[in-house]
Amino acid sequence: MATSLFEPEELLDVGQFFQAKFGTDACPKGHEDLWRVELTRMMHLSPLFFKRNFAYVVNKQKNLVLLRPWVGQAILNVAKQSQYRNELPVRIVEIKARQLGWTTDNIADAMWYVLDENHRALILVDDEDVAADQATNVGTMLNNLPAWMQPMRRIQNIKHYIFDNPNPKDRLDNPGLNSAIQITVPSSFRGEAPGLVIASEYAHMTTERQIAIQTGIVSAMPMRPESWFIVDTTPNGFDDSYEPMVREAVADNPKWTKRLEQHKGELRASDVLNGALGLPDAVAKGYPGVFIPAVCPWRYHEEYDCRSRENPHAELRPITKAQLEEMKQTLGTLARYGDEEEKELHEKYGVSLSRLFWRRRKIDGYKLPTQDMKLLAFRQEFLHTIDSAFIDSGTVPFDRMAMDALRAMEKPPLVTGLFEGEDQFHQGADNEWQQVRIYAPPQSGEKYTMGVDTDIAYESMNSDATVAQVVRWRDNKVVCTFECRAPDYIVRKQLYYMYRWYFNCYYAIELKGMGYQMIRSCMDMGMRNVYYWKRLDREPGTALPSDYPGWETNEKTRPLMDQTFTELLCRKHPETGRADPDIIIPDEKTIDEVTKLMRQPSGAFKAKSGSHDDHYDALCIALCIARDGYSGMHRRTREQEAEERRPEFEQAFRWVTEVKQTNRPDLSNI
């Protein structure tokens, strides 16, 4: 178990603190100021101590109570304090389920922050109703501080507090804190940068407001430990700002994220505060300015359960014997609750049957058109993993069971690197601009097709990449993926080596952009087993090849691409009705793109603005040409290939040796 960030005295009540400090909790007469000094010192040292003893909030039962962290708030406190106490700027991105109390905890941190001199906190909200709610929370905390702790207020209204001396006559001698807390909607904010910023419901803001926050506020915030930026939001599907921020934070903190997502059984606040989860990866490495992901799966929340002696704060009344028996008999068998997903939650993650009963009742409570949409809505609002939070249940073109099966296919590549020659692969030679990911090597007797989607994306991460997908014909498995944002001569070289390695695989290059030039140059290099444009929407065997090599994506072929992929991915078992895809996609980036596809008004599947679909398009091309009757030309062995090409070489040799005498130079006069 990792060492706790927090000292034992931080977890004490005021009376316990005095008992530990002075040996008694009864202040002797005349020592009141001394005791307050010690209490103030401890309060400034520890926001956790401040919240436990001085931050009053209104709970869901409308009672005024102190903010005592439960497990979700403990996770958030560890994430924030792990950076602050290691002298790193605090950068937090939340991926939170509904009703976690994280916004309240963040506001309490803002209150603690501005009770120190010369500190400014800014709470950014998306609309006036949210601003009113946040202002109520701020006012509740401020007005319930002990009288001796309350600062002077020069300005006090529903959205703005300035803690200064309101009396101009003695302001110079007794100026006050010179601190402020403000609640407002995002704007350019080109003035003095605040020290602590909370972006409330950031994922639900418009793109313009997200840009205003990033360019006007975040860019001006210093990289000191006193600089706090907290993205406080529930997910809202895929977007161009929040979701990439989450993905980057997860990539920078893989072990921390894994511990949060995969902890088995119940998790208590005391365990978290005592170091059960350890430190985030970026903190342990001392990386400044790196966002820490804070995630609390729904199964940790004390309220999302049936009441019991161990958990008296749960929402539902105690589960009955009949309900418990029904749960045991139907566990993992009902499609509307995710089939095997329930059993996985119970067996792999230790989720109790009473919690799963609460989950069923919550899913049933959604008033949505289909059972699949109810389940997807629950997954997004009450996330189990980070991936489950990024789902658009209204526009994803594939059904829920198919998407579950797709995510289960992900596997790490056998090797990554670049080809350096025929059958010569340099492991680890890849870089941020080009990479070959191999999931299965070529096998004798197998046939392969390769689809290539091209783009001019020279060292530009914002553009689609040039992507090649090699698919094994037998089981539609992606065996190799090439992703590149490099000059075309590098692309051609890697395509050639992949083509040769997978037995001169039948291939097609999309003709848009540099595809016209690319396919001709590939053919000149010897890549002759190429797809020629034809009417694939006609009956098999009736669509003859044209004289034009390459794949053209248009109003006729786009539906064919989407239909082919859908048929393979969404196939169901004829007896059980469960997902039984006829395709295998181990590549993480390809899976990520498929999950972000949106059905356009035209019916076509395309990536949402700001996302990419190059892996998907390349895969669809490879799948479509595999159905082509002319795709049987595959190299089996080098010896067989040499034998087949012998007449071609002999003819070329005769042409060189039998040059007519008239073509020879006259050397007689030299």
# chains A, B, ... in the order shown; residues from 1 in each chain; ligands from 1

$ residues_around --residues "Val114 (chain A)" --least-positions-apart "6" --cutoff "10 Å" --atoms "only C-alpha atoms" --output "mmCIF file with C-alpha atoms, in the first residue's frame"
data_model
loop_
_atom_site.group_PDB
_atom_site.id
_atom_site.type_symbol
_atom_site.label_atom_id
_atom_site.label_comp_id
_atom_site.auth_asym_id
_atom_site.auth_seq_id
_atom_site.Cartn_x
_atom_site.Cartn_y
_atom_site.Cartn_z
ATOM 1 C CA ARG A 120 -8.542 34.912 -6.837
ATOM 2 C CA ALA A 121 -10.878 32.060 -7.813
ATOM 3 C CA PRO A 151 -13.372 37.777 6.012
ATOM 4 C CA TYR A 161 -17.326 38.375 -3.658
ATOM 5 C CA ILE A 162 -14.342 40.641 -2.985
ATOM 6 C CA PHE A 163 -12.821 40.109 0.442
ATOM 7 C CA LEU A 177 -7.499 39.685 2.284
ATOM 8 C CA ASN A 178 -7.479 41.262 -1.191
ATOM 9 C CA SER A 179 -8.993 37.993 -2.458
ATOM 10 C CA ALA A 180 -12.009 37.339 -4.655
ATOM 11 C CA ILE A 181 -14.306 34.625 -5.900
ATOM 12 C CA GLY A 195 -5.129 31.416 -9.506
ATOM 13 C CA LEU A 196 -7.911 28.821 -9.304
#

$ select_by_dssp --residues "region 157-400 of chain A" --states "alpha helix (DSSP H)" --output "JSON list (two decimals) with N, CA and C atoms, in the first residue's frame"
[["chain", "number", "residue", "atom", "x", "y", "z"],
["A", 207, "THR", "N", -18.46, 25.16, -28.44],
["A", 207, "THR", "CA", -17.05, 25.17, -28.85],
["A", 207, "THR", "C", -16.44, 26.54, -28.63],
["A", 208, "GLU", "N", -17.21, 27.61, -28.88],
["A", 208, "GLU", "CA", -16.69, 28.96, -28.72],
["A", 208, "GLU", "C", -16.31, 29.23, -27.26],
["A", 209, "ARG", "N", -17.12, 28.75, -26.34],
["A", 209, "ARG", "CA", -16.81, 28.97, -24.93],
["A", 209, "ARG", "C", -15.62, 28.13, -24.48],
["A", 210, "GLN", "N", -15.53, 26.92, -25.00],
["A", 210, "GLN", "CA", -14.36, 26.10, -24.67],
["A", 210, "GLN", "C", -13.08, 26.76, -25.16],
["A", 211, "ILE", "N", -13.12, 27.32, -26.37],
["A", 211, "ILE", "CA", -11.95, 28.01, -26.92],
["A", 211, "ILE", "C", -11.62, 29.24, -26.08],
["A", 212, "ALA", "N", -12.65, 29.97, -25.63],
["A", 212, "ALA", "CA", -12.41, 31.15, -24.80],
["A", 212, "ALA", "C", -11.71, 30.77, -23.50],
["A", 242, "TYR", "N", -13.00, 18.33, -24.88],
["A", 242, "TYR", "CA", -12.99, 17.58, -23.62],
["A", 242, "TYR", "C", -12.54, 16.14, -23.81],
["A", 243, "GLU", "N", -13.12, 15.44, -24.77],
["A", 243, "GLU", "CA", -12.78, 14.02, -24.95],
["A", 243, "GLU", "C", -11.30, 13.83, -25.30],
["A", 244, "PRO", "N", -10.69, 14.62, -26.20],
["A", 244, "PRO", "CA", -9.24, 14.49, -26.41],
["A", 244, "PRO", "C", -8.43, 14.80, -25.15],
["A", 245, "MET", "N", -8.91, 15.76, -24.34],
["A", 245, "MET", "CA", -8.22, 16.07, -23.08],
["A", 245, "MET", "C", -8.22, 14.86, -22.15],
["A", 246, "VAL", "N", -9.35, 14.17, -22.09],
["A", 246, "VAL", "CA", -9.45, 12.97, -21.25],
["A", 246, "VAL", "C", -8.52, 11.88, -21.77],
["A", 247, "ARG", "N", -8.53, 11.65, -23.07],
["A", 247, "ARG", "CA", -7.70, 10.60, -23.64],
["A", 247, "ARG", "C", -6.21, 10.86, -23.38],
["A", 248, "GLU", "N", -5.81, 12.11, -23.50],
["A", 248, "GLU", "CA", -4.41, 12.45, -23.25],
["A", 248, "GLU", "C", -4.05, 12.24, -21.78],
["A", 249, "ALA", "N", -4.96, 12.62, -20.88],
["A", 249, "ALA", "CA", -4.71, 12.44, -19.45],
["A", 249, "ALA", "C", -4.60, 10.97, -19.09],
["A", 250, "VAL", "N", -5.46, 10.14, -19.69],
["A", 250, "VAL", "CA", -5.40, 8.70, -19.45],
["A", 250, "VAL", "C", -4.09, 8.12, -19.97],
["A", 251, "ALA", "N", -3.67, 8.57, -21.16],
["A", 251, "ALA", "CA", -2.41, 8.08, -21.72],
["A", 251, "ALA", "C", -1.22, 8.46, -20.85],
["A", 252, "ASP", "N", -1.28, 9.62, -20.20],
["A", 252, "ASP", "CA", -0.19, 10.06, -19.32],
["A", 252, "ASP", "C", -0.22, 9.39, -17.95],
["A", 254, "PRO", "N", -1.58, 5.86, -17.12],
["A", 254, "PRO", "CA", -2.25, 4.57, -17.38],
["A", 254, "PRO", "C", -2.42, 3.71, -16.13],
["A", 255, "LYS", "N", -1.41, 3.67, -15.27],
["A", 255, "LYS", "CA", -1.51, 2.81, -14.07],
["A", 255, "LYS", "C", -2.53, 3.37, -13.08],
["A", 256, "TRP", "N", -2.52, 4.67, -12.90],
["A", 256, "TRP", "CA", -3.49, 5.33, -12.02],
["A", 256, "TRP", "C", -4.91, 5.07, -12.52],
["A", 257, "THR", "N", -5.14, 5.24, -13.82],
["A", 257, "THR", "CA", -6.47, 5.02, -14.39],
["A", 257, "THR", "C", -6.90, 3.57, -14.22],
["A", 258, "LYS", "N", -5.97, 2.65, -14.43],
["A", 258, "LYS", "CA", -6.30, 1.23, -14.28],
["A", 258, "LYS", "C", -6.71, 0.90, -12.86],
["A", 259, "ARG", "N", -6.01, 1.48, -11.89],
["A", 259, "ARG", "CA", -6.36, 1.22, -10.49],
["A", 259, "ARG", "C", -7.75, 1.77, -10.16],
["A", 260, "LEU", "N", -8.10, 2.92, -10.72],
["A", 260, "LEU", "CA", -9.42, 3.50, -10.48],
["A", 260, "LEU", "C", -10.52, 2.67, -11.11],
["A", 261, "GLU", "N", -10.29, 2.19, -12.32],
["A", 261, "GLU", "CA", -11.33, 1.49, -13.06],
["A", 261, "GLU", "C", -11.49, 0.03, -12.64],
["A", 262, "GLN", "N", -10.42, -0.62, -12.22],
["A", 262, "GLN", "CA", -10.45, -2.07, -12.07],
["A", 262, "GLN", "C", -10.35, -2.55, -10.63],
["A", 269, "ALA", "N", -13.71, 5.55, 1.58],
["A", 269, "ALA", "CA", -12.98, 6.82, 1.57],
["A", 269, "ALA", "C", -11.70, 6.71, 2.39],
["A", 270, "SER", "N", -11.76, 6.04, 3.53],
["A", 270, "SER", "CA", -10.58, 5.91, 4.37],
["A", 270, "SER", "C", -9.46, 5.16, 3.65],
["A", 271, "ASP", "N", -9.83, 4.15, 2.84],
["A", 271, "ASP", "CA", -8.81, 3.43, 2.07],
["A", 271, "ASP", "C", -8.12, 4.36, 1.09],
["A", 272, "VAL", "N", -8.91, 5.17, 0.40],
["A", 272, "VAL", "CA", -8.36, 6.08, -0.61],
["A", 272, "VAL", "C", -7.46, 7.11, 0.04],
["A", 273, "LEU", "N", -7.93, 7.71, 1.13],
["A", 273, "LEU", "CA", -7.14, 8.75, 1.81],
["A", 273, "LEU", "C", -5.88, 8.19, 2.45],
["A", 281, "ASP", "N", 0.55, 8.57, -12.24],
["A", 281, "ASP", "CA", 1.84, 8.34, -12.89],
["A", 281, "ASP", "C", 2.59, 9.65, -13.13],
["A", 282, "ALA", "N", 1.88, 10.68, -13.64],
["A", 282, "ALA", "CA", 2.54, 11.94, -13.98],
["A", 282, "ALA", "C", 3.09, 12.63, -12.74],
["A", 283, "VAL", "N", 2.44, 12.46, -11.60],
["A", 283, "VAL", "CA", 2.93, 13.07, -10.36],
["A", 283, "VAL", "C", 4.18, 12.34, -9.90],
["A", 284, "ALA", "N", 4.15, 11.02, -9.95],
["A", 284, "ALA", "CA", 5.31, 10.24, -9.53],
["A", 284, "ALA", "C", 6.54, 10.58, -10.38],
["A", 321, "LYS", "N", -35.82, -10.93, 0.01],
["A", 321, "LYS", "CA", -35.33, -12.26, -0.33],
["A", 321, "LYS", "C", -35.78, -12.66, -1.73],
["A", 322, "ALA", "N", -37.02, -12.34, -2.07],
["A", 322, "ALA", "CA", -37.53, -12.69, -3.40],
["A", 322, "ALA", "C", -36.76, -11.95, -4.50],
["A", 323, "GLN", "N", -36.48, -10.66, -4.28],
["A", 323, "GLN", "CA", -35.71, -9.88, -5.26],
["A", 323, "GLN", "C", -34.30, -10.42, -5.39],
["A", 324, "LEU", "N", -33.69, -10.80, -4.26],
["A", 324, "LEU", "CA", -32.34, -11.35, -4.28],
["A", 324, "LEU", "C", -32.30, -12.68, -5.03],
["A", 325, "GLU", "N", -33.31, -13.51, -4.82],
["A", 325, "GLU", "CA", -33.37, -14.80, -5.52],
["A", 325, "GLU", "C", -33.56, -14.59, -7.03],
["A", 326, "GLU", "N", -34.38, -13.61, -7.40],
["A", 326, "GLU", "CA", -34.58, -13.30, -8.82],
["A", 326, "GLU", "C", -33.27, -12.83, -9.46],
["A", 327, "MET", "N", -32.50, -12.02, -8.73],
["A", 327, "MET", "CA", -31.22, -11.56, -9.24],
["A", 327, "MET", "C", -30.29, -12.74, -9.49],
["A", 328, "LYS", "N", -30.25, -13.70, -8.58],
["A", 328, "LYS", "CA", -29.38, -14.85, -8.74],
["A", 328, "LYS", "C", -29.76, -15.68, -9.96],
["A", 329, "GLN", "N", -31.07, -15.86, -10.19],
["A", 329, "GLN", "CA", -31.53, -16.71, -11.28],
["A", 329, "GLN", "C", -31.37, -16.06, -12.65],
["A", 330, "THR", "N", -31.47, -14.75, -12.72],
["A", 330, "THR", "CA", -31.45, -14.06, -14.03],
["A", 330, "THR", "C", -30.15, -13.32, -14.30],
["A", 340, "GLU", "N", -24.12, -10.54, -20.46],
["A", 340, "GLU", "CA", -22.97, -10.94, -19.66],
["A", 340, "GLU", "C", -22.33, -9.79, -18.89],
["A", 341, "GLU", "N", -22.71, -8.57, -19.22],
["A", 341, "GLU", "CA", -22.13, -7.42, -18.53],
["A", 341, "GLU", "C", -22.42, -7.47, -17.03],
["A", 342, "GLU", "N", -23.63, -7.90, -16.67],
["A", 342, "GLU", "CA", -23.98, -8.03, -15.26],
["A", 342, "GLU", "C", -23.07, -9.04, -14.56],
["A", 343, "LYS", "N", -22.89, -10.18, -15.21],
["A", 343, "LYS", "CA", -22.07, -11.23, -14.61],
["A", 343, "LYS", "C", -20.63, -10.77, -14.46],
["A", 344, "GLU", "N", -20.12, -10.01, -15.44],
["A", 344, "GLU", "CA", -18.76, -9.48, -15.35],
["A", 344, "GLU", "C", -18.64, -8.51, -14.18],
["A", 345, "LEU", "N", -19.64, -7.63, -14.02],
["A", 345, "LEU", "CA", -19.62, -6.70, -12.90],
["A", 345, "LEU", "C", -19.59, -7.44, -11.57],
["A", 346, "HIS", "N", -20.35, -8.52, -11.49],
["A", 346, "HIS", "CA", -20.44, -9.27, -10.24],
["A", 346, "HIS", "C", -19.19, -10.08, -9.96],
["A", 347, "GLU", "N", -18.69, -10.79, -10.99],
["A", 347, "GLU", "CA", -17.59, -11.72, -10.77],
["A", 347, "GLU", "C", -16.22, -11.05, -10.87],
["A", 353, "LEU", "N", -25.02, -8.02, -5.50],
["A", 353, "LEU", "CA", -26.31, -8.20, -6.17],
["A", 353, "LEU", "C", -27.26, -7.06, -5.83],
["A", 354, "SER", "N", -27.14, -6.50, -4.64],
["A", 354, "SER", "CA", -28.02, -5.37, -4.30],
["A", 354, "SER", "C", -27.69, -4.15, -5.13],
["A", 355, "ARG", "N", -26.41, -3.92, -5.41],
["A", 355, "ARG", "CA", -26.04, -2.81, -6.31],
["A", 355, "ARG", "C", -26.54, -3.07, -7.73],
["A", 356, "LEU", "N", -26.45, -4.31, -8.19],
["A", 356, "LEU", "CA", -26.94, -4.64, -9.52],
["A", 356, "LEU", "C", -28.47, -4.51, -9.60],
["A", 357, "PHE", "N", -29.14, -4.76, -8.49],
["A", 357, "PHE", "CA", -30.58, -4.54, -8.44],
["A", 357, "PHE", "C", -30.89, -3.05, -8.61],
["A", 358, "TRP", "N", -30.11, -2.19, -7.92],
["A", 358, "TRP", "CA", -30.28, -0.75, -8.10],
["A", 358, "TRP", "C", -30.03, -0.37, -9.55],
["A", 359, "ARG", "N", -29.01, -0.96, -10.17],
["A", 359, "ARG", "CA", -28.69, -0.67, -11.56],
["A", 359, "ARG", "C", -29.86, -1.01, -12.49],
["A", 360, "ARG", "N", -30.49, -2.14, -12.27],
["A", 360, "ARG", "CA", -31.63, -2.53, -13.10],
["A", 360, "ARG", "C", -32.77, -1.52, -12.97],
["A", 361, "ARG", "N", -33.06, -1.14, -11.74],
["A", 361, "ARG", "CA", -34.16, -0.20, -11.54],
["A", 361, "ARG", "C", -33.85, 1.16, -12.18],
["A", 362, "LYS", "N", -32.60, 1.58, -12.17],
["A", 362, "LYS", "CA", -32.23, 2.85, -12.78],
["A", 362, "LYS", "C", -32.37, 2.77, -14.30],
["A", 363, "ILE", "N", -31.95, 1.67, -14.90],
["A", 363, "ILE", "CA", -32.09, 1.50, -16.35],
["A", 363, "ILE", "C", -33.56, 1.51, -16.74],
["A", 364, "ASP", "N", -34.39, 0.80, -15.95],
["A", 364, "ASP", "CA", -35.82, 0.75, -16.26],
["A", 364, "ASP", "C", -36.47, 2.13, -16.16],
["A", 371, "GLN", "N", -34.81, -0.41, -25.54],
["A", 371, "GLN", "CA", -34.05, -0.91, -24.40],
["A", 371, "GLN", "C", -32.56, -0.63, -24.56],
["A", 372, "ASP", "N", -32.05, -0.74, -25.81],
["A", 372, "ASP", "CA", -30.64, -0.45, -26.04],
["A", 372, "ASP", "C", -30.30, 0.98, -25.66],
["A", 373, "MET", "N", -31.16, 1.92, -26.02],
["A", 373, "MET", "CA", -30.91, 3.31, -25.70],
["A", 373, "MET", "C", -30.93, 3.54, -24.18],
["A", 374, "LYS", "N", -31.80, 2.83, -23.47],
["A", 374, "LYS", "CA", -31.82, 2.94, -22.00],
["A", 374, "LYS", "C", -30.49, 2.48, -21.41],
["A", 375, "LEU", "N", -30.00, 1.35, -21.89],
["A", 375, "LEU", "CA", -28.74, 0.82, -21.37],
["A", 375, "LEU", "C", -27.58, 1.74, -21.70],
["A", 376, "LEU", "N", -27.55, 2.26, -22.93],
["A", 376, "LEU", "CA", -26.47, 3.17, -23.32],
["A", 376, "LEU", "C", -26.53, 4.48, -22.52],
["A", 377, "ALA", "N", -27.74, 4.96, -22.26],
["A", 377, "ALA", "CA", -27.88, 6.18, -21.46],
["A", 377, "ALA", "C", -27.34, 5.97, -20.05],
["A", 378, "PHE", "N", -27.65, 4.82, -19.46],
["A", 378, "PHE", "CA", -27.12, 4.53, -18.13],
["A", 378, "PHE", "C", -25.60, 4.47, -18.16],
["A", 379, "ARG", "N", -25.03, 3.81, -19.16],
["A", 379, "ARG", "CA", -23.58, 3.69, -19.24],
["A", 379, "ARG", "C", -22.90, 5.04, -19.31],
["A", 380, "GLN", "N", -23.52, 5.98, -20.02],
["A", 380, "GLN", "CA", -22.89, 7.29, -20.16],
["A", 380, "GLN", "C", -23.07, 8.12, -18.90],
["A", 381, "GLU", "N", -24.26, 8.10, -18.31],
["A", 381, "GLU", "CA", -24.52, 8.92, -17.14],
["A", 381, "GLU", "C", -23.91, 8.33, -15.87],
["A", 386, "ILE", "N", -14.08, 4.61, -18.35],
["A", 386, "ILE", "CA", -14.01, 5.88, -19.09],
["A", 386, "ILE", "C", -14.57, 5.70, -20.49],
["A", 387, "ASP", "N", -14.25, 4.58, -21.14],
["A", 387, "ASP", "CA", -14.75, 4.36, -22.50],
["A", 387, "ASP", "C", -16.27, 4.37, -22.54],
["A", 388, "SER", "N", -16.91, 3.82, -21.52],
["A", 388, "SER", "CA", -18.37, 3.74, -21.54],
["A", 388, "SER", "C", -19.02, 5.12, -21.44],
["A", 389, "ALA", "N", -18.26, 6.13, -21.00],
["A", 389, "ALA", "CA", -18.82, 7.47, -20.87],
["A", 389, "ALA", "C", -18.92, 8.18, -22.21],
["A", 400, "ARG", "N", -26.09, -1.87, -29.86],
["A", 400, "ARG", "CA", -25.30, -1.92, -28.64],
["A", 400, "ARG", "C", -24.51, -3.21, -28.51]]

$ atom_distance --atom1 "CA of Val594 (chain A)" --atom2 "CA of Thr553 (chain A)"
17.9 Å

$ closest_residue --among "A:Arg407, A:Arg472, A:His426, A:Lys534" --to "Glu588 (chain A)" --atoms "only C-alpha atoms"
A:Arg407

$ atom_distance --atom1 "CA of Pro280 (chain A)" --atom2 "CA of Ala193 (chain A)"
26.8 Å

$ residues_around --residues "region 290-301 of chain A" --least-positions-apart "3" --cutoff "7 Å" --atoms "only C-alpha atoms" --output "list in words"
Val71, Gly72, Ile75, Leu76, Ala79, Arg91, Ile92, Val93, Glu94, Ile95, Lys96, Ala97, Val246, Ala249, Val250, Leu260, Glu261, Glu266, Leu267, Pro280, Ala282, Tyr287, Tyr304, Val351, Phe382, Leu383, His384 and Thr385 of chain A

$ write_last_selection --atoms "C-alpha atoms" --output "mmCIF file, in the first residue's frame"
data_model
loop_
_atom_site.group_PDB
_atom_site.id
_atom_site.type_symbol
_atom_site.label_atom_id
_atom_site.label_comp_id
_atom_site.auth_asym_id
_atom_site.auth_seq_id
_atom_site.Cartn_x
_atom_site.Cartn_y
_atom_site.Cartn_z
ATOM 1 C CA VAL A 71 -15.100 7.640 -1.578
ATOM 2 C CA GLY A 72 -15.664 9.675 -4.764
ATOM 3 C CA ILE A 75 -10.489 10.131 -5.057
ATOM 4 C CA LEU A 76 -10.821 13.726 -6.255
ATOM 5 C CA ALA A 79 -5.863 13.674 -7.447
ATOM 6 C CA ARG A 91 -4.539 20.219 -13.424
ATOM 7 C CA ILE A 92 -7.577 17.932 -13.077
ATOM 8 C CA VAL A 93 -9.979 16.589 -15.690
ATOM 9 C CA GLU A 94 -12.993 14.816 -14.233
ATOM 10 C CA ILE A 95 -14.874 11.962 -15.854
ATOM 11 C CA LYS A 96 -17.705 11.737 -13.412
ATOM 12 C CA ALA A 97 -20.973 9.930 -12.958
ATOM 13 C CA VAL A 246 -9.448 12.970 -21.254
ATOM 14 C CA ALA A 249 -4.712 12.441 -19.449
ATOM 15 C CA VAL A 250 -5.403 8.696 -19.446
ATOM 16 C CA LEU A 260 -9.419 3.505 -10.485
ATOM 17 C CA GLU A 261 -11.330 1.489 -13.059
ATOM 18 C CA GLU A 266 -16.114 -1.988 -2.294
ATOM 19 C CA LEU A 267 -13.794 0.988 -1.911
ATOM 20 C CA PRO A 280 -0.938 9.269 -10.451
ATOM 21 C CA ALA A 282 2.537 11.939 -13.978
ATOM 22 C CA TYR A 287 5.618 16.156 -14.828
ATOM 23 C CA TYR A 304 -26.190 3.651 -5.554
ATOM 24 C CA VAL A 351 -20.315 -5.631 -7.488
ATOM 25 C CA PHE A 382 -23.330 6.313 -14.613
ATOM 26 C CA LEU A 383 -20.052 5.254 -16.102
ATOM 27 C CA HIS A 384 -18.364 1.946 -15.363
ATOM 28 C CA THR A 385 -15.215 2.756 -17.330
#

$ closest_residue --among "A:Ala607, A:Met205, A:Val530, A:Ala132" --to "Asn504 (chain A)" --atoms "only C-alpha atoms"
A:Val530
